[in-house]
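For reference, target-v2.cif is printed below; it contains mmCIF, C-alpha atoms and all ligand atoms.
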data_coords
#
loop_
_atom_site.label_atom_id
_atom_site.label_comp_id
_atom_site.auth_asym_id
_atom_site.auth_seq_id
_atom_site.Cartn_x
_atom_site.Cartn_y
_atom_site.Cartn_z
CA MET A 4 -14.68 36.13 -32.61
CA SER A 5 -12.03 37.15 -30.09
CA LEU A 6 -11.04 40.74 -29.45
CA ILE A 7 -7.43 39.58 -29.45
CA ASP A 8 -7.37 40.32 -33.20
CA ASP A 9 -8.04 43.99 -32.41
CA VAL A 10 -5.07 44.28 -30.04
CA ASN A 11 -2.07 45.99 -31.61
CA ARG A 12 0.93 44.04 -30.28
CA GLU A 13 3.25 46.92 -31.20
CA LYS A 14 1.43 49.34 -28.89
CA LEU A 15 0.90 47.29 -25.75
CA PRO A 16 0.88 49.13 -22.43
CA SER A 17 4.18 48.08 -20.85
CA HIS A 18 2.66 48.09 -17.36
CA ILE A 19 -0.98 47.28 -16.51
CA ALA A 20 -2.23 47.77 -12.95
CA ILE A 21 -5.57 46.33 -11.83
CA ILE A 22 -7.91 47.07 -8.93
CA MET A 23 -9.79 43.79 -8.70
CA ASP A 24 -13.15 44.81 -7.25
CA GLY A 25 -16.61 43.28 -6.91
CA ASN A 26 -15.97 39.81 -5.49
CA GLY A 27 -18.38 40.38 -2.61
CA ARG A 28 -21.20 41.70 -4.83
CA TRP A 29 -20.69 38.84 -7.28
CA ALA A 30 -21.13 36.32 -4.45
CA LYS A 31 -24.13 38.19 -3.03
CA GLN A 32 -25.88 38.11 -6.42
CA LYS A 33 -25.55 34.34 -6.25
CA GLY A 34 -26.71 34.09 -2.64
CA LYS A 35 -23.27 32.86 -1.54
CA PRO A 36 -20.81 34.00 1.17
CA ARG A 37 -18.24 36.67 0.23
CA ILE A 38 -15.37 34.17 0.25
CA PHE A 39 -17.05 32.34 -2.63
CA GLY A 40 -16.56 35.57 -4.61
CA HIS A 41 -12.88 35.71 -3.65
CA GLN A 42 -12.37 32.06 -4.64
CA ASN A 43 -13.83 32.77 -8.06
CA GLY A 44 -11.79 35.98 -8.15
CA ALA A 45 -8.68 33.80 -7.93
CA HIS A 46 -9.80 32.10 -11.16
CA ALA A 47 -10.00 35.52 -12.86
CA VAL A 48 -6.51 36.28 -11.52
CA ARG A 49 -5.15 33.18 -13.27
CA GLN A 50 -6.88 34.08 -16.56
CA THR A 51 -5.58 37.64 -16.43
CA ILE A 52 -1.97 36.64 -15.70
CA GLU A 53 -2.09 34.13 -18.55
CA GLY A 54 -3.70 36.62 -20.96
CA ALA A 55 -1.23 39.40 -20.17
CA ALA A 56 1.79 37.09 -20.42
CA GLU A 57 0.59 35.60 -23.73
CA LEU A 58 0.28 39.08 -25.23
CA GLY A 59 3.76 40.10 -24.07
CA VAL A 60 2.84 42.68 -21.42
CA LYS A 61 6.01 43.40 -19.43
CA TYR A 62 4.54 44.32 -16.02
CA LEU A 63 1.24 43.33 -14.41
CA THR A 64 0.42 44.65 -10.93
CA LEU A 65 -2.60 43.36 -9.02
CA TYR A 66 -4.11 45.05 -5.96
CA ALA A 67 -4.83 41.89 -3.98
CA PHE A 68 -5.09 43.26 -0.41
CA SER A 69 -5.03 46.90 0.62
CA ALA A 70 -3.73 48.40 3.86
CA GLU A 71 -7.39 49.21 4.62
CA ASN A 72 -8.56 45.61 4.00
CA TRP A 73 -7.20 44.65 7.46
CA LYS A 74 -10.35 46.34 8.83
CA ARG A 75 -12.60 43.66 7.28
CA PRO A 76 -14.15 40.96 9.50
CA LYS A 77 -11.46 38.62 10.86
CA ILE A 78 -13.03 35.61 9.18
CA GLU A 79 -12.82 37.25 5.73
CA VAL A 80 -9.21 38.40 6.27
CA GLU A 81 -8.20 34.88 7.31
CA ALA A 82 -9.99 33.36 4.34
CA LEU A 83 -8.23 35.78 1.98
CA MET A 84 -4.82 34.94 3.49
CA THR A 85 -5.54 31.21 3.12
CA LEU A 86 -6.61 31.77 -0.48
CA LEU A 87 -3.42 33.70 -1.19
CA VAL A 88 -1.27 30.87 0.16
CA SER A 89 -3.12 28.19 -1.82
CA THR A 90 -3.19 30.24 -5.04
CA ILE A 91 0.54 31.03 -4.92
CA ASP A 92 1.18 27.34 -4.18
CA GLU A 93 -0.92 26.16 -7.12
CA GLU A 94 0.42 28.80 -9.52
CA LEU A 95 4.14 28.69 -8.76
CA LYS A 96 4.91 25.99 -11.33
CA ASN A 97 2.95 27.93 -13.99
CA LEU A 98 4.84 31.11 -13.15
CA ILE A 99 8.21 29.36 -13.53
CA ASP A 100 7.13 27.52 -16.73
CA ASN A 101 5.98 30.82 -18.22
CA ASN A 102 9.16 32.69 -17.18
CA ILE A 103 7.14 35.06 -14.93
CA HIS A 104 9.05 37.02 -12.31
CA PHE A 105 7.03 37.32 -9.10
CA GLN A 106 7.30 40.14 -6.58
CA VAL A 107 5.31 41.86 -3.87
CA ILE A 108 4.83 45.49 -2.83
CA GLY A 109 3.29 46.71 0.42
CA ASN A 110 3.83 46.56 4.15
CA THR A 111 4.58 42.85 4.10
CA ASN A 112 5.74 42.85 7.76
CA LEU A 113 2.06 42.76 8.69
CA LEU A 114 1.33 39.55 6.75
CA PRO A 115 0.97 36.25 8.63
CA ASP A 116 4.10 34.05 8.59
CA SER A 117 2.41 31.47 6.33
CA VAL A 118 1.89 34.14 3.63
CA LYS A 119 5.37 35.61 4.11
CA ARG A 120 6.93 32.16 3.65
CA LYS A 121 4.91 31.41 0.50
CA VAL A 122 5.63 34.82 -0.98
CA ASN A 123 9.37 34.55 -0.26
CA THR A 124 9.53 31.09 -1.86
CA ALA A 125 7.76 32.38 -4.99
CA ILE A 126 10.07 35.41 -5.16
CA SER A 127 13.23 33.33 -4.84
CA LYS A 128 12.08 30.58 -7.24
CA THR A 129 11.20 33.10 -9.98
CA LYS A 130 14.05 35.55 -9.50
CA HIS A 131 15.84 34.25 -12.62
CA CYS A 132 12.68 34.64 -14.77
CA SER A 133 12.99 37.32 -17.42
CA GLY A 134 9.50 37.41 -18.93
CA MET A 135 6.59 39.35 -17.44
CA THR A 136 6.96 40.79 -13.92
CA LEU A 137 3.89 39.98 -11.84
CA THR A 138 3.57 42.18 -8.76
CA LEU A 139 1.03 41.53 -6.01
CA ALA A 140 0.16 44.52 -3.87
CA LEU A 141 -0.35 43.03 -0.40
CA SER A 142 -1.11 45.11 2.68
CA TYR A 143 -0.40 47.97 0.30
CA GLY A 144 -1.43 51.61 0.62
CA SER A 145 -0.01 54.42 -1.46
CA ARG A 146 0.11 56.96 1.39
CA TRP A 147 1.97 54.44 3.55
CA GLU A 148 4.43 53.86 0.68
CA ILE A 149 4.99 57.60 0.08
CA LEU A 150 5.43 58.29 3.80
CA ASP A 151 7.84 55.38 4.12
CA ALA A 152 9.86 56.79 1.19
CA ALA A 153 9.84 60.26 2.79
CA LYS A 154 11.14 58.83 6.09
CA LYS A 155 13.98 56.98 4.34
CA LEU A 156 14.82 60.09 2.32
CA ALA A 157 14.89 62.24 5.44
CA ASP A 158 17.22 59.72 7.10
CA ASP A 159 19.53 59.77 4.07
CA ALA A 160 19.48 63.58 4.07
CA ILE A 161 20.42 63.68 7.78
CA GLN A 162 23.31 61.31 7.04
CA GLY A 163 24.42 63.55 4.16
CA LYS A 164 23.78 60.88 1.50
CA ILE A 165 21.35 63.15 -0.33
CA VAL A 166 21.11 66.93 -0.70
CA PRO A 167 17.45 68.09 -0.55
CA GLN A 168 17.97 70.60 -3.39
CA GLU A 169 19.10 67.79 -5.69
CA LEU A 170 15.96 65.72 -5.15
CA THR A 171 14.24 64.85 -8.46
CA ASP A 172 11.19 62.80 -9.51
CA GLU A 173 13.52 59.92 -10.36
CA VAL A 174 15.36 60.00 -7.04
CA PHE A 175 12.07 60.10 -5.10
CA ALA A 176 10.66 57.23 -7.17
CA SER A 177 13.74 55.16 -6.35
CA TYR A 178 12.64 55.18 -2.67
CA LEU A 179 9.21 53.73 -3.50
CA ASN A 180 8.34 50.01 -3.47
CA THR A 181 8.07 50.23 -7.26
CA ALA A 182 11.67 51.37 -7.86
CA HIS A 183 12.97 49.60 -11.01
CA MET A 184 9.45 49.39 -12.50
CA PRO A 185 7.99 51.76 -15.09
CA ASP A 186 4.83 53.63 -14.06
CA PRO A 187 1.59 51.91 -15.10
CA GLU A 188 0.35 53.02 -18.50
CA LEU A 189 -3.09 51.50 -17.99
CA LEU A 190 -5.16 51.08 -14.82
CA ILE A 191 -8.18 48.80 -14.91
CA ARG A 192 -10.79 48.86 -12.15
CA THR A 193 -13.71 46.46 -12.20
CA SER A 194 -17.18 46.64 -10.63
CA GLY A 195 -18.15 50.18 -11.65
CA GLU A 196 -16.44 51.99 -8.76
CA LEU A 197 -14.76 55.19 -9.97
CA ARG A 198 -11.88 55.76 -7.56
CA LEU A 199 -8.20 54.89 -7.01
CA SER A 200 -8.51 53.67 -3.41
CA ASN A 201 -4.97 54.55 -2.31
CA PHE A 202 -3.34 52.54 -5.12
CA LEU A 203 -0.07 53.69 -6.76
CA LEU A 204 -0.96 57.39 -6.43
CA TRP A 205 2.55 58.70 -7.22
CA GLN A 206 3.01 56.22 -10.06
CA MET A 207 -0.35 56.92 -11.73
CA ALA A 208 0.14 60.63 -12.44
CA TYR A 209 -0.18 59.98 -16.21
CA THR A 210 -1.86 56.58 -16.27
CA GLU A 211 -4.86 56.00 -18.54
CA LEU A 212 -7.84 54.92 -16.44
CA TYR A 213 -10.28 52.23 -17.60
CA PHE A 214 -13.38 51.44 -15.57
CA THR A 215 -15.71 48.55 -16.31
CA GLU A 216 -18.97 47.43 -14.71
CA VAL A 217 -17.83 43.79 -14.90
CA LEU A 218 -17.41 42.27 -11.43
CA TRP A 219 -13.91 40.85 -10.86
CA PRO A 220 -14.85 37.11 -10.88
CA ASP A 221 -16.35 37.66 -14.37
CA PHE A 222 -13.18 39.34 -15.65
CA SER A 223 -11.55 37.33 -18.42
CA LYS A 224 -8.94 37.48 -21.17
CA GLU A 225 -11.57 39.06 -23.46
CA GLU A 226 -12.21 41.83 -20.88
CA LEU A 227 -8.44 42.40 -20.70
CA TYR A 228 -8.25 42.73 -24.51
CA LYS A 229 -11.20 45.19 -24.41
CA ALA A 230 -9.35 47.40 -21.90
CA ILE A 231 -6.13 47.29 -23.96
CA VAL A 232 -7.98 48.17 -27.18
CA SER A 233 -9.59 51.14 -25.39
CA PHE A 234 -6.11 52.24 -24.21
CA GLN A 235 -4.74 51.95 -27.74
CA HIS A 236 -7.40 54.33 -29.10
CA ARG A 237 -6.44 57.11 -26.71
CA GLU A 238 -4.11 60.01 -27.42
CA ARG A 239 -1.57 60.39 -24.61
CA ARG A 240 -0.32 63.95 -24.61
CA PHE A 241 1.56 64.24 -21.27
CA GLY A 242 0.74 67.96 -21.17
CA LYS A 243 1.71 68.63 -24.80
CA THR A 244 -0.63 69.55 -27.69
CA THR A 245 -1.76 67.06 -30.35
CA GLU A 246 0.43 68.82 -32.93
CA GLN A 247 3.55 68.42 -30.78
CA LEU A 248 3.23 64.64 -30.53
C1 LIG B 301 -12.35 43.28 -3.87
O1 LIG B 301 -13.66 42.76 -3.88
C2 LIG B 301 -11.36 42.21 -3.79
C3 LIG B 301 -10.50 42.04 -2.76
C4 LIG B 301 -10.46 42.88 -1.56
C5 LIG B 301 -9.54 40.95 -2.74
C6 LIG B 301 -8.96 40.55 -4.04
C7 LIG B 301 -8.73 39.11 -4.00
C8 LIG B 301 -8.87 38.27 -5.04
C9 LIG B 301 -9.15 38.72 -6.40
C10 LIG B 301 -8.79 36.82 -4.86
C11 LIG B 301 -7.46 36.20 -4.68
C12 LIG B 301 -6.31 36.96 -5.19
C13 LIG B 301 -5.13 36.40 -5.46
C14 LIG B 301 -4.00 37.25 -5.92
C15 LIG B 301 -4.92 34.97 -5.34
P1 LIG B 301 -14.60 43.16 -2.68
O2 LIG B 301 -14.55 42.08 -1.69
O3 LIG B 301 -14.26 44.52 -2.18
O4 LIG B 301 -15.99 43.19 -3.42
P2 LIG B 301 -17.25 44.11 -3.08
O5 LIG B 301 -16.81 45.53 -3.28
O6 LIG B 301 -18.25 43.67 -4.08
O7 LIG B 301 -17.64 43.81 -1.66
#

Take the structure in the file and give it back as structure tokens.
Ligand code: FPP
Amino acid sequence: MSLIDDVNREKLPSHIAIIMDGNGRWAKQKGKPRIFGHQNGAHAVRQTIEGAAELGVKYLTLYAFSAENWKRPKIEVEALMTLLVSTIDEELKNLIDNNIHFQVIGNTNLLPDSVKRKVNTAISKTKHCSGMTLTLALSYGSRWEILDAAKKLADDAIQGKIVPQELTDEVFASYLNTAHMPDPELLIRTSGELRLSNFLLWQMAYTELYFTEVLWPDFSKEELYKAIVSFQHRERRFGKTTEQL
């Protein structure tokens, strides 16, 4: 029996963000090199995109490469970049066929030209798509994003385009990479690690957190349904009391 029957389609989280963790440990358990874990992680990425789109989730954001991941051994970074290029290549037709709008957040200037080219092609070929928005966080770090927003805001204030006293949550959010996207309602992190690792810190002020021991390459549509069902059983109070809801 599939858990999909337990998912309430009327109460889907509009935005799901995922920290895909545990590729290296998954490979190690099998006596294989880390890149073998990442390659199988790409399979879980495909399953998750398909599962979320089939349900009707509006936004899916995947933490594919953090600002800190540049510190990994050169050989692993290069393998991850190659995998990104080949996965985007292989998936582009599926994205278009499934009306999925593709975008990227992060300090993309640092990406190799081959990745930049592939990413830009996918963005331009899916810009008319009006179904789910799939966002890859690449070379992304939340503190970098917030600092970058603060610098742009300060510039605009110096030029008189914005008055500091009139700054609101909404105005600040419009300077972030995620402007035009709702905040995530559900964050999933695999592999049993219990931290946010510099991911969407501003945006996750009220996000429901779901942690699972499952290693990312073993993540599947069923695991996605399990996380959504858990989300749907929670009471989200946003600071109010139960009676006020
Ligand atoms: C974390 O596992 C995973 C990553 C740093 C990279 C995520 C990449 C993928 C899921 C594969 C390809 C992605 C796309 C979008 C095509 P880890 O290496 O930190 O695992 P560990 O903590 O067990 O060492």

Nearby residues, ligand LIG 301 (chain B), 6 Å, only C-alpha atoms and all ligand atoms, as a list in words: Met23, Asp24, Gly25, Asn26, Gly27, Arg28, His41, Gln42, Gly44, Ala45, Ala67, Phe68, Leu87 and Thr90 of chain A

Counting only C-alpha atoms, the option among A:Leu218, A:Leu189, A:Leu179, A:Leu227 closest to Ile7 (chain A): A:Leu227

Residue neighbourhood region 53-65 of chain A, 6 Å, all atoms listed in the file, exclusion window fewer than 4 positions, as a VMD selection string: chain A and resid 17 to 21 135 to 140 224

Two-atom distance - CA of Val122 (chain A), CA of Asp92 (chain A) (Å): 9.3 Å

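The space separating CA of Tyr178 (chain A) from CA of Glu148 (chain A) comes to 9.0 Å.
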
Residue neighbourhood region 231-237 of chain A, 8 Å, all atoms listed in the file, exclusion window fewer than 5 positions, as a PyMOL selection string: chain A and resi 9-11+14-16+189+211+213

Who sits within 12 Å of Arg37 (chain A), only C-alpha atoms, same chain under 6 positions skipped, as a list in words: Gly25, Asn26, Gly27, Arg28, Trp29, Ala30, Lys31, Asn43, Gly44, Arg75, Pro76, Ile78, Glu79, Val80, Ala82, Leu83 and Pro220 of chain A

Neighbour list for Arg120 (chain A) as a PyMOL selection string, cut-off 12 Å, only C-alpha atoms, skip fewer than 4 positions in-chain: chain A and resi 87-88+91-92+111-112+114-116+124-127

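Atom pair CA of Tyr66 (chain A) / CA of Pro187 (chain A): separated by 12.8 Å.
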
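The closest residue to Ile108 (chain A), picked from A:Val174, A:Leu95, A:Met84, A:Ala70 and counting only C-alpha atoms, is A:Ala70.
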
Polymer residues at most 9 Å from Phe222 (chain A), all atoms listed in the file, same-chain spacing of 6 or more positions, as a PyMOL selection string: chain A and resi 23+44+47-48+50-51+193

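Residue nearest Glu226 (chain A) within the list A:Arg192, A:Lys33, A:Arg12, A:Lys121: A:Arg192 [criterion: smallest interatomic distance, only C-alpha atoms].
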